[in-house]
Structures are given as C-alpha cells and as structure tokens.
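Coordinates as given in model_8.txt (compact mmCIF, C-alpha atoms and all ligand atoms):
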# COMPACT_ATOMS: atom_id res chain seq x y z
CA MET Q 1 15.67 -14.83 -14.31
CA LEU Q 2 15.91 -13.87 -10.62
CA THR Q 3 15.04 -10.37 -9.38
CA LEU Q 4 15.97 -9.22 -5.91
CA GLY Q 5 13.44 -6.64 -4.69
CA ILE Q 6 14.20 -4.19 -1.88
CA GLU Q 7 11.60 -2.10 -0.05
CA THR Q 8 12.38 0.47 2.65
CA SER Q 9 9.93 3.32 2.03
CA CYS Q 10 8.42 3.46 5.53
CA ASP Q 11 8.74 1.22 8.60
CA GLU Q 12 9.06 -2.17 6.88
CA THR Q 13 12.40 -3.48 5.63
CA GLY Q 14 11.62 -5.94 2.86
CA ALA Q 15 13.64 -8.14 0.53
CA SER Q 16 12.27 -10.68 -1.90
CA VAL Q 17 13.52 -12.97 -4.62
CA VAL Q 18 11.08 -13.35 -7.51
CA LYS Q 19 11.60 -15.69 -10.46
CA ASP Q 20 10.60 -14.43 -13.91
CA GLY Q 21 8.47 -11.69 -12.36
CA ARG Q 22 5.84 -14.13 -11.14
CA GLU Q 23 7.08 -16.79 -8.81
CA ILE Q 24 7.77 -15.48 -5.31
CA LEU Q 25 10.64 -17.59 -3.96
CA SER Q 26 10.96 -15.57 -0.76
CA ASN Q 27 9.41 -12.48 0.76
CA THR Q 28 11.08 -11.35 3.99
CA VAL Q 29 9.65 -8.41 5.92
CA ALA Q 30 11.07 -7.01 9.16
CA SER Q 31 9.12 -4.21 10.80
CA SER Q 32 10.10 -1.49 13.26
CA LEU Q 33 6.40 -1.13 14.20
CA GLU Q 34 7.05 -2.07 17.85
CA PHE Q 35 9.40 0.90 18.30
CA HIS Q 36 6.90 3.42 16.91
CA LYS Q 37 3.83 2.29 18.86
CA ARG Q 38 4.48 4.42 21.93
CA TYR Q 39 4.58 7.54 19.73
CA GLY Q 40 1.28 6.72 17.99
CA GLY Q 41 2.80 6.86 14.51
CA VAL Q 42 5.98 6.25 12.51
CA VAL Q 43 9.03 8.23 13.73
CA PRO Q 44 11.19 8.68 10.60
CA GLU Q 45 14.53 8.67 12.44
CA ILE Q 46 13.70 5.39 14.20
CA ALA Q 47 12.56 3.82 10.93
CA THR Q 48 15.77 4.88 9.15
CA ARG Q 49 18.07 3.54 11.86
CA TYR Q 50 16.16 0.27 11.91
CA HIS Q 51 16.56 -0.16 8.14
CA VAL Q 52 20.32 0.44 8.48
CA GLU Q 53 20.55 -2.17 11.23
CA VAL Q 54 18.56 -4.94 9.57
CA ILE Q 55 18.73 -4.58 5.79
CA ASP Q 56 21.78 -6.82 5.47
CA TYR Q 57 20.07 -9.62 7.47
CA VAL Q 58 16.77 -9.18 5.62
CA VAL Q 59 18.46 -9.55 2.22
CA LYS Q 60 20.47 -12.57 3.43
CA ASP Q 61 17.30 -14.14 4.80
CA SER Q 62 15.43 -13.68 1.54
CA LEU Q 63 18.31 -15.23 -0.42
CA LYS Q 64 18.48 -18.17 2.00
CA LYS Q 65 14.73 -18.83 1.78
CA ALA Q 66 14.92 -18.64 -2.01
CA GLU Q 67 17.91 -21.05 -1.91
CA ALA Q 68 19.82 -18.53 -3.99
CA LYS Q 69 23.19 -16.87 -3.74
CA LEU Q 70 23.98 -13.25 -4.59
CA LYS Q 71 25.74 -14.40 -7.77
CA ASP Q 72 22.43 -15.96 -8.97
CA ILE Q 73 20.63 -12.59 -8.94
CA ASP Q 74 20.16 -11.04 -12.39
CA LEU Q 75 18.41 -7.77 -11.53
CA VAL Q 76 17.98 -5.60 -8.45
CA ALA Q 77 14.78 -3.55 -8.07
CA VAL Q 78 14.30 -1.02 -5.31
CA THR Q 79 11.59 1.38 -4.15
CA ARG Q 80 12.80 4.88 -5.10
CA GLY Q 81 9.74 6.74 -3.73
CA PRO Q 82 7.41 8.00 -2.47
CA GLY Q 83 8.17 7.56 1.21
CA LEU Q 84 10.36 8.79 4.06
CA VAL Q 85 13.58 10.17 2.63
CA GLY Q 86 15.93 8.59 5.20
CA SER Q 87 14.23 5.21 4.87
CA LEU Q 88 14.27 5.30 1.07
CA LEU Q 89 17.95 6.23 1.02
CA VAL Q 90 18.90 3.08 2.91
CA GLY Q 91 17.25 0.80 0.35
CA VAL Q 92 18.39 2.81 -2.66
CA SER Q 93 22.01 2.93 -1.45
CA PHE Q 94 22.00 -0.78 -0.67
CA ALA Q 95 20.54 -1.63 -4.08
CA LYS Q 96 23.01 0.61 -5.91
CA ALA Q 97 25.92 -1.02 -4.10
CA LEU Q 98 24.64 -4.49 -5.03
CA SER Q 99 24.07 -3.52 -8.64
CA TYR Q 100 27.56 -2.04 -8.92
CA SER Q 101 29.41 -4.85 -7.16
CA LEU Q 102 27.52 -7.68 -8.90
CA ASP Q 103 27.49 -5.82 -12.22
CA ILE Q 104 23.75 -6.37 -12.71
CA PRO Q 105 21.09 -3.87 -13.83
CA LEU Q 106 19.27 -1.67 -11.34
CA ILE Q 107 15.62 -0.57 -11.54
CA GLY Q 108 14.10 2.10 -9.29
CA VAL Q 109 10.40 1.40 -8.72
CA ASN Q 110 7.51 3.69 -7.80
CA HIS Q 111 6.06 2.30 -4.56
CA LEU Q 112 2.48 3.15 -5.60
CA TRP Q 113 2.81 1.32 -8.91
CA ALA Q 114 4.27 -1.61 -7.03
CA HIS Q 115 1.23 -1.70 -4.73
CA LEU Q 116 -1.03 -1.98 -7.75
CA TYR Q 117 1.25 -4.53 -9.27
CA SER Q 118 1.03 -6.77 -6.19
CA GLY Q 119 -2.46 -7.85 -7.28
CA LEU Q 120 -1.07 -8.83 -10.67
CA ILE Q 121 1.71 -11.12 -9.42
CA GLU Q 122 -0.84 -13.72 -8.45
CA LYS Q 123 -3.02 -13.04 -11.51
CA PRO Q 124 -0.60 -12.49 -14.38
CA ASP Q 125 -3.28 -12.86 -17.05
CA ILE Q 126 -4.96 -9.56 -16.30
CA ARG Q 127 -5.33 -7.41 -19.35
CA PHE Q 128 -4.69 -3.71 -19.52
CA PRO Q 129 -6.30 -1.22 -19.25
CA PHE Q 130 -7.66 -1.39 -15.73
CA ILE Q 131 -8.58 1.06 -12.99
CA GLY Q 132 -6.26 1.02 -9.99
CA LEU Q 133 -7.18 2.07 -6.48
CA VAL Q 134 -4.18 2.69 -4.22
CA VAL Q 135 -5.18 2.94 -0.57
CA SER Q 136 -2.20 3.15 1.75
CA GLY Q 137 -1.03 5.05 4.79
CA GLY Q 138 0.19 7.98 2.73
CA HIS Q 139 -1.87 7.82 -0.47
CA THR Q 140 -5.38 7.40 -1.78
CA SER Q 141 -5.36 7.50 -5.57
CA LEU Q 142 -7.54 6.37 -8.43
CA VAL Q 143 -5.60 5.71 -11.60
CA PHE Q 144 -6.23 4.63 -15.15
CA CYS Q 145 -3.59 2.01 -15.96
CA GLU Q 146 -2.93 1.75 -19.67
CA ASN Q 147 0.09 -0.55 -19.46
CA ALA Q 148 2.81 -1.55 -16.99
CA GLY Q 149 4.58 1.79 -17.22
CA LYS Q 150 1.71 4.15 -18.03
CA PHE Q 151 -0.54 5.14 -15.15
CA LYS Q 152 -2.78 8.23 -15.43
CA LEU Q 153 -3.98 9.82 -12.22
CA LEU Q 154 -7.76 10.33 -12.14
CA GLY Q 155 -8.06 11.59 -8.59
CA GLN Q 156 -6.43 11.53 -5.19
CA THR Q 157 -6.96 12.70 -1.66
CA LYS Q 158 -6.98 16.41 -1.03
CA ASP Q 159 -5.88 15.94 2.56
CA ASP Q 160 -5.58 12.75 4.64
CA ALA Q 161 -5.06 9.39 2.98
CA ALA Q 162 -7.56 6.65 3.86
CA GLY Q 163 -4.99 4.74 5.95
CA GLU Q 164 -3.90 7.96 7.64
CA ALA Q 165 -7.54 8.65 8.61
CA PHE Q 166 -7.78 5.13 10.09
CA ASP Q 167 -4.55 5.76 12.02
CA LYS Q 168 -5.65 9.17 13.35
CA VAL Q 169 -9.15 8.04 14.36
CA ALA Q 170 -7.71 4.98 16.11
CA LYS Q 171 -5.35 7.27 17.99
CA VAL Q 172 -8.12 9.53 19.33
CA LEU Q 173 -10.15 6.45 20.25
CA GLY Q 174 -7.16 5.10 22.18
CA LEU Q 175 -6.99 1.99 19.98
CA GLY Q 176 -3.27 2.21 19.22
CA TYR Q 177 -1.14 2.05 16.08
CA PRO Q 178 -1.48 0.95 13.31
CA GLY Q 179 -5.05 2.19 13.25
CA GLY Q 180 -6.48 0.19 10.34
CA PRO Q 181 -6.40 -3.26 11.94
CA ALA Q 182 -7.34 -1.73 15.35
CA ILE Q 183 -10.43 0.03 13.96
CA GLU Q 184 -11.37 -3.12 12.05
CA ARG Q 185 -11.17 -5.19 15.25
CA ALA Q 186 -13.19 -2.70 17.30
CA ALA Q 187 -15.78 -2.32 14.52
CA ARG Q 188 -16.59 -6.04 14.70
CA GLN Q 189 -18.40 -5.40 18.01
CA GLY Q 190 -20.15 -2.25 16.75
CA ASN Q 191 -23.19 -1.25 14.72
CA PRO Q 192 -22.18 0.65 11.55
CA TYR Q 193 -25.60 2.37 11.43
CA ALA Q 194 -25.66 3.58 15.06
CA ILE Q 195 -23.59 6.73 14.33
CA LYS Q 196 -23.48 8.15 10.84
CA PHE Q 197 -20.27 9.72 9.58
CA ALA Q 198 -19.85 10.98 6.04
CA PRO Q 199 -16.66 11.84 4.17
CA ALA Q 200 -16.85 14.66 1.62
CA TYR Q 201 -17.70 13.28 -1.82
CA LEU Q 202 -16.47 16.50 -3.55
CA GLY Q 203 -19.08 16.48 -6.32
CA GLU Q 204 -20.52 13.82 -8.60
CA ASP Q 205 -17.82 13.74 -11.24
CA SER Q 206 -14.90 14.06 -8.87
CA TYR Q 207 -12.49 11.21 -8.30
CA ASP Q 208 -10.74 13.12 -5.55
CA PHE Q 209 -11.10 12.16 -1.91
CA SER Q 210 -11.15 14.03 1.38
CA PHE Q 211 -10.99 12.25 4.73
CA SER Q 212 -9.92 15.00 7.10
CA GLY Q 213 -13.51 16.20 7.67
CA ILE Q 214 -14.71 12.79 8.83
CA LYS Q 215 -11.72 12.57 11.17
CA THR Q 216 -12.74 15.92 12.69
CA ALA Q 217 -16.38 14.76 12.92
CA VAL Q 218 -15.20 11.75 14.95
CA LEU Q 219 -13.18 14.07 17.18
CA TYR Q 220 -16.24 16.31 17.86
CA TYR Q 221 -18.38 13.26 18.54
CA ILE Q 222 -15.85 12.01 21.08
CA LYS Q 223 -15.76 15.41 22.80
CA ALA Q 224 -19.56 15.53 23.08
CA HIS Q 225 -20.15 11.97 24.28
CA ARG Q 226 -19.05 9.71 27.04
CA LEU Q 227 -16.95 6.86 25.67
CA ASN Q 228 -17.33 3.25 26.64
CA ARG Q 229 -16.55 0.03 24.79
CA LYS Q 230 -19.89 -0.02 22.99
CA VAL Q 231 -19.65 3.62 21.87
CA ILE Q 232 -16.05 3.12 20.68
CA ALA Q 233 -17.12 0.06 18.70
CA ASN Q 234 -20.01 2.00 17.14
CA ILE Q 235 -17.74 4.92 16.22
CA ALA Q 236 -15.20 2.52 14.68
CA ALA Q 237 -17.92 0.69 12.72
CA GLY Q 238 -19.59 3.92 11.52
CA PHE Q 239 -16.27 5.47 10.51
CA GLN Q 240 -15.03 2.34 8.75
CA LYS Q 241 -18.27 2.01 6.78
CA ALA Q 242 -18.23 5.67 5.71
CA VAL Q 243 -14.65 5.46 4.40
CA VAL Q 244 -15.19 2.11 2.70
CA ASP Q 245 -18.46 3.26 1.06
CA CYS Q 246 -16.74 6.34 -0.34
CA LEU Q 247 -13.80 4.35 -1.76
CA ILE Q 248 -16.21 1.88 -3.36
CA ALA Q 249 -18.49 4.54 -4.88
CA LYS Q 250 -15.62 6.42 -6.52
CA ALA Q 251 -13.79 3.32 -7.74
CA ILE Q 252 -16.91 1.82 -9.32
CA ASP Q 253 -17.83 5.18 -10.88
CA ALA Q 254 -14.35 5.44 -12.41
CA CYS Q 255 -14.65 1.96 -13.95
CA LYS Q 256 -18.04 2.80 -15.43
CA ALA Q 257 -16.95 6.19 -16.74
CA LYS Q 258 -13.85 4.72 -18.43
CA GLY Q 259 -15.67 1.62 -19.66
CA VAL Q 260 -13.18 -0.64 -17.86
CA ALA Q 261 -14.23 -4.00 -16.41
CA THR Q 262 -11.25 -4.63 -14.12
CA LEU Q 263 -10.43 -2.88 -10.88
CA VAL Q 264 -7.14 -3.60 -9.07
CA VAL Q 265 -6.73 -2.57 -5.44
CA GLY Q 266 -3.37 -2.09 -3.71
CA GLY Q 267 -2.04 -0.78 -0.40
CA GLY Q 268 -2.47 -1.50 3.29
CA VAL Q 269 -6.14 -0.48 3.52
CA GLY Q 270 -6.75 -3.18 0.90
CA ALA Q 271 -6.33 -5.65 3.77
CA ASN Q 272 -9.60 -4.38 5.24
CA ILE Q 273 -12.18 -7.15 5.17
CA LEU Q 274 -15.21 -4.87 4.83
CA LEU Q 275 -13.60 -3.17 1.81
CA ARG Q 276 -12.70 -6.54 0.28
CA GLN Q 277 -16.19 -7.96 0.75
CA ASP Q 278 -18.29 -4.94 -0.18
CA LEU Q 279 -16.15 -3.86 -3.15
CA THR Q 280 -16.10 -7.40 -4.56
CA ARG Q 281 -19.90 -7.60 -4.22
CA GLU Q 282 -20.47 -4.16 -5.72
CA GLY Q 283 -18.08 -4.99 -8.56
CA ARG Q 284 -19.95 -8.20 -9.31
CA ALA Q 285 -23.25 -6.29 -9.40
CA ASN Q 286 -21.74 -3.95 -12.00
CA GLY Q 287 -19.90 -6.54 -14.13
CA ILE Q 288 -16.50 -5.44 -12.79
CA ASP Q 289 -13.81 -7.94 -11.81
CA VAL Q 290 -12.26 -6.64 -8.57
CA ILE Q 291 -8.75 -7.87 -7.80
CA PHE Q 292 -7.16 -7.68 -4.39
CA PRO Q 293 -3.69 -9.01 -3.59
CA SER Q 294 -3.47 -11.59 -0.80
CA PHE Q 295 -3.36 -10.07 2.71
CA GLU Q 296 0.41 -10.53 2.86
CA LEU Q 297 0.94 -8.67 -0.39
CA SER Q 298 -1.48 -5.85 0.52
CA LEU Q 299 0.94 -4.47 3.09
CA ASP Q 300 4.39 -3.13 2.27
CA ASN Q 301 6.61 -5.89 0.87
CA ALA Q 302 9.46 -6.32 -1.58
CA ALA Q 303 7.87 -9.01 -3.78
CA MET Q 304 5.72 -6.34 -5.41
CA VAL Q 305 8.84 -4.23 -6.01
CA ALA Q 306 10.69 -7.15 -7.60
CA ALA Q 307 7.70 -8.05 -9.80
CA MET Q 308 7.17 -4.46 -10.92
CA GLY Q 309 10.92 -4.05 -11.50
CA TYR Q 310 10.97 -7.15 -13.70
CA ARG Q 311 8.04 -5.82 -15.75
CA LEU Q 312 9.83 -2.49 -16.27
CA PHE Q 313 13.06 -4.30 -17.15
CA LYS Q 314 11.22 -6.29 -19.82
CA GLY Q 315 9.88 -2.95 -21.08
CA ARG Q 316 13.54 -1.86 -21.49
CA VAL Q 317 13.53 0.54 -18.56
CA ARG Q 318 16.90 0.90 -16.76
CA SER Q 319 17.92 3.14 -13.87
CA ARG Q 320 21.25 4.93 -13.78
CA SER Q 321 23.83 4.25 -11.10
CA GLY Q 322 23.07 7.74 -9.79
CA LEU Q 323 19.50 6.71 -8.87
CA SER Q 324 18.30 8.76 -5.96
CA ALA Q 325 15.50 8.57 -3.39
CA GLU Q 326 12.41 10.56 -4.38
CA PRO Q 327 10.27 11.07 -1.27
CA ASN Q 328 7.57 13.00 -3.15
CA LEU Q 329 7.40 10.83 -6.26
CA ARG Q 330 3.90 10.80 -7.78
CA ILE Q 331 2.07 7.98 -9.42
O1 LIG Y 1 0.61 0.21 2.16
P1 LIG Y 1 0.96 0.27 3.59
O2 LIG Y 1 1.41 -1.00 4.26
O3 LIG Y 1 2.08 1.35 3.84
C1 LIG Y 1 2.11 2.55 3.14
O4 LIG Y 1 2.60 2.55 1.98
O5 LIG Y 1 1.59 3.54 3.70
O6 LIG Y 1 -0.32 0.87 4.34
C2 LIG Y 1 -0.33 1.12 5.71
C3 LIG Y 1 -1.70 1.68 6.06
C4 LIG Y 1 -1.80 2.15 7.51
O7 LIG Y 1 -2.39 3.43 7.52
C5 LIG Y 1 -2.70 1.10 8.15
O8 LIG Y 1 -3.49 1.62 9.22
C6 LIG Y 1 -3.57 0.68 6.98
O9 LIG Y 1 -2.70 0.65 5.88
N1 LIG Y 1 -4.17 -0.64 7.19
C7 LIG Y 1 -5.49 -0.86 7.24
C8 LIG Y 1 -5.64 -2.25 7.52
N2 LIG Y 1 -4.40 -2.81 7.60
C9 LIG Y 1 -3.50 -1.81 7.39
N3 LIG Y 1 -6.54 -0.03 7.11
C10 LIG Y 1 -7.77 -0.55 7.25
N4 LIG Y 1 -8.01 -1.86 7.54
C11 LIG Y 1 -6.96 -2.74 7.68
N5 LIG Y 1 -7.19 -4.02 7.96
ZN ZN Y 2 2.84 1.05 0.89

Would you give me this structure, written as structure tokens?
Amino acid sequence: MLTLGIETSCDETGASVVKDGREILSNTVASSLEFHKRYGGVVPEIATRYHVEVIDYVVKDSLKKAEAKLKDIDLVAVTRGPGLVGSLLVGVSFAKALSYSLDIPLIGVNHLWAHLYSGLIEKPDIRFPFIGLVVSGGHTSLVFCENAGKFKLLGQTKDDAAGEAFDKVAKVLGLGYPGGPAIERAARQGNPYAIKFAPAYLGEDSYDFSFSGIKTAVLYYIKAHRLNRKVIANIAAGFQKAVVDCLIAKAIDACKAKGVATLVVGGGVGANILLRQDLTREGRANGIDVIFPSFELSLDNAAMVAAMGYRLFKGRVRSRSGLSAEPNLRI
C-alpha cells in the first residue's frame, strides 16, 4: 500500500511516498530557508507563497523518485497542524484535492506526533509505551506515548521552545539563521565550561521547560563583554550544553518516573550531535534505549507524515473532506 505524505507546516515543502508505512521510496524536501535568512527568522507570507509555487513540483518529484504514478497512491496523509496557518493551508488544500480527485482516503496528521514517529519508521519493532521528547523550532514537549494514537502530555515549554532559543541566541551572536546548526558549529571551537548558563529547571518534579531566561542571560552577557571569535564560541558552547543538559535531565527523569525503558526523540533539535551523544550515553547508564531518527528525518519531512498517516489509517482513523488547518493543534 502506497501513502503519499505532504508536509507544509513551516518553511519546508515536503512530499514522500512510503510503502506499507515503513519503506521510504522517496522523500523530497524543498526549503524556502534562503529567502528568510536576511530577516533572521521565518517570514510566514514568504513561506506560504513558496509552498504555493513549489508544491506541485515537489509532489511530482517524489512520485518520480518512487517510480510511482498518482493512480498508484492508496492514501494521502497531510500535516494539519501545528504550524503557520497559511503554510498549512497549502498542504491541506492540495491533499484534499488529491484525495477527492483520486477518490482515496485522506488522513490529517499532527506534526508533533509525526516527529516522534520519524524515529519509529526505521525501527518498527519498538514497543509501546515509550516516552517521547519533541524538540523543534516551535515546541519542546515530553509525552507519554501509550499507542500510535494516544499521546499524553507530561510537560512542555512555558515560553521559548529549545529550537527557538537556539535561533534567538544565534541571532544575537550574529551567527545567522537557522540558529541550531550555527550554534553547534561555533560551539565546536568553544569551551562549554568557560561561561556557565543555566535554564530554569522549574522544580524537581516538573517536566515543563523554560528557555527564555537563558536567552536573556546570554543577551546580558553579550552586553557586558567584548565579543570576539573565542568569546562567541564559548557562549555558544556554554549555551548549547545548558540546554542539552536540561533536556536530558527531564527526559531521563520522565522515563524513570513512568518506569519506561524507551525514549524516542523527534524534531529539528534532535539533529544536535551533543544531544545525540550525551542523551544516548545517559540513557545507557540508566538502562534506557534512546532512539533518534536519522539526521534527514529529524528535520521537517513528509516521510514521517506518510508513516504516521499509515499507522492512523490502520487504526481506522479517517479525516473528513472538510479537514482544515489547525495552527494551534496540541500534541
Ligand atoms: O522540527 P524542525 O525542522 O521544524 C519545526 O517543526 O520547528 O525544527 C527546526 C528547529 C530550528 O529551531 C533549528 O534551529 C533547530 O531545529 N535545529 C537545531 C539543529 N538543527 C536544527 N538545533 C540544535 N542543533 C542542531 N543541529
Ligand atoms: Zn517540525
């Protein structure tokens, strides 16, 4: 069974053909990143217009790479939220039109679930329940995942998401957008212990996060000190370590408290090498199997949407033809 996945929640236009929910036959991603860089962040109007311009080509490309034709597609899955409303509407409208004209079922997918599901495409044997950590540009959430359609929120950020904090700190350091990879690059030349930054842990039993204080602490540090390459590298390394340590501490605590031995990470910040290395090591020390998607599947893509859509379809979920974009959809 072939699922066509469509992802347009932010600045990436993605289309993917996935066979039987597991085998990724194609995964095309076109990004409007270049057009946002000069503004230091995603401009919703630019992202929306870009999706409109390229979605047709992206879908055609994914079909071509999968050596499939539209008539071979059995199911269309699309990100319905959360995300930028204009961007989401492009994907949702396109998917609805395909579903209607091809007379195939339509499934609207929660982008955050899909991020968690991206780690499971490559490891289909994972057993529920597991703890999920979603770390993206807009969300930082810890969830208890009972089954493919039942995710219970344990905690989330009270202010900035982890990726958002990376983006904002990179901006004030003049490192450009997107901030995550830029901070990671700069941090390689720095000493993570030279300058100590600490995010708020919000109490021992709390699974909530707060990263806006650490962002402000970086800002004050910059105002009070003269910046050069070495100082920037030390700030980047200290900031990265503080955020990563906090994510690790809360995720491991959640696994222990719930008696769960599997932790699945999803979202763009999951591409961070320090997080991947340190969380894997800390998991091993605590008997917890930590699963990260490949780098490619950590960032926004449509393969995760297709795979999640297939899972929901098998669980008898169907979306109506009136499916609408839900920019504030929760996990
Ligand atoms: O999941 P994603 O691709 O899009 C959203 O759903 O938001 O995540 C994008 C976020 C951005 O904030 C970006 O700076 C961050 O992920 N990111 C990283 C890295 N690569 C991307 N953060 C830290 N380290 C990275 N290597
Ligand atoms: Zn995302």

Proximity of chain Q to ligand ZN 2 (chain Y): per-residue shortest pair, 6 Å limit, all atoms listed in the file, as a Markdown table:
| residue | atom | partner | partner_atom | distance |
| --- | --- | --- | --- | --- |
| Q:Ser136 | CA | Y:ZN2 | ZN | 5.5 |
| Q:Gly267 | CA | Y:ZN2 | ZN | 5.4 |
| Q:Asp300 | CA | Y:ZN2 | ZN | 4.7 |

Could you list, as a ChimeraX atom specification, all the residues within 7 Å of ligand LIG 1 (chain Y), counting only C-alpha atoms and all ligand atoms?
-> /Q:10,135-139,163-164,166-167,178-181,184,267-273,298-300

Mind writing the picked residues with C-alpha atoms as an mmCIF file, in the coordinates of the input?
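Output below, filename again37.cif:
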data_model
loop_
_atom_site.group_PDB
_atom_site.id
_atom_site.type_symbol
_atom_site.label_atom_id
_atom_site.label_comp_id
_atom_site.auth_asym_id
_atom_site.auth_seq_id
_atom_site.Cartn_x
_atom_site.Cartn_y
_atom_site.Cartn_z
ATOM 1 C CA CYS Q 10 8.420 3.460 5.530
ATOM 2 C CA VAL Q 135 -5.180 2.940 -0.570
ATOM 3 C CA SER Q 136 -2.200 3.150 1.750
ATOM 4 C CA GLY Q 137 -1.030 5.050 4.790
ATOM 5 C CA GLY Q 138 0.190 7.980 2.730
ATOM 6 C CA HIS Q 139 -1.870 7.820 -0.470
ATOM 7 C CA GLY Q 163 -4.990 4.740 5.950
ATOM 8 C CA GLU Q 164 -3.900 7.960 7.640
ATOM 9 C CA PHE Q 166 -7.780 5.130 10.090
ATOM 10 C CA ASP Q 167 -4.550 5.760 12.020
ATOM 11 C CA PRO Q 178 -1.480 0.950 13.310
ATOM 12 C CA GLY Q 179 -5.050 2.190 13.250
ATOM 13 C CA GLY Q 180 -6.480 0.190 10.340
ATOM 14 C CA PRO Q 181 -6.400 -3.260 11.940
ATOM 15 C CA GLU Q 184 -11.370 -3.120 12.050
ATOM 16 C CA GLY Q 267 -2.040 -0.780 -0.400
ATOM 17 C CA GLY Q 268 -2.470 -1.500 3.290
ATOM 18 C CA VAL Q 269 -6.140 -0.480 3.520
ATOM 19 C CA GLY Q 270 -6.750 -3.180 0.900
ATOM 20 C CA ALA Q 271 -6.330 -5.650 3.770
ATOM 21 C CA ASN Q 272 -9.600 -4.380 5.240
ATOM 22 C CA ILE Q 273 -12.180 -7.150 5.170
ATOM 23 C CA SER Q 298 -1.480 -5.850 0.520
ATOM 24 C CA LEU Q 299 0.940 -4.470 3.090
ATOM 25 C CA ASP Q 300 4.390 -3.130 2.270
#

Kindly indicate which residue among Q:Ile73, Q:Ala233, Q:Val172, Q:Ala285 lies nearest to Ala187 in chain Q, using only C-alpha atoms for the distances.
->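 Among the listed residues, Q:Ala233 lies closest to Ala187 in chain Q.
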
Can you list every residue of range 6-41 of chain Q that has an atom at most 8 Å from range 117-127 of chain Q, with its nearest atom pair and the distance in Å to one decimal, using all atoms listed in the file, ordered by chain then number, as a Markdown table?
| residue | atom | partner | partner_atom | distance |
| --- | --- | --- | --- | --- |
| Q:Gly21 | CA | Q:Ile121 | CA | 7.4 |
| Q:Arg22 | CA | Q:Ile121 | CA | 5.4 |
| Q:Glu23 | CA | Q:Ile121 | CA | 7.8 |

Considering only C-alpha atoms, return as JSON, numbers by chain whatever protein or nucleic-acid residues lie within 7 Å of Gly155 in chain Q, sequence-local ones (same chain, fewer than 4 positions apart) excluded.
-> {"Q": [141, 142, 207, 208]}
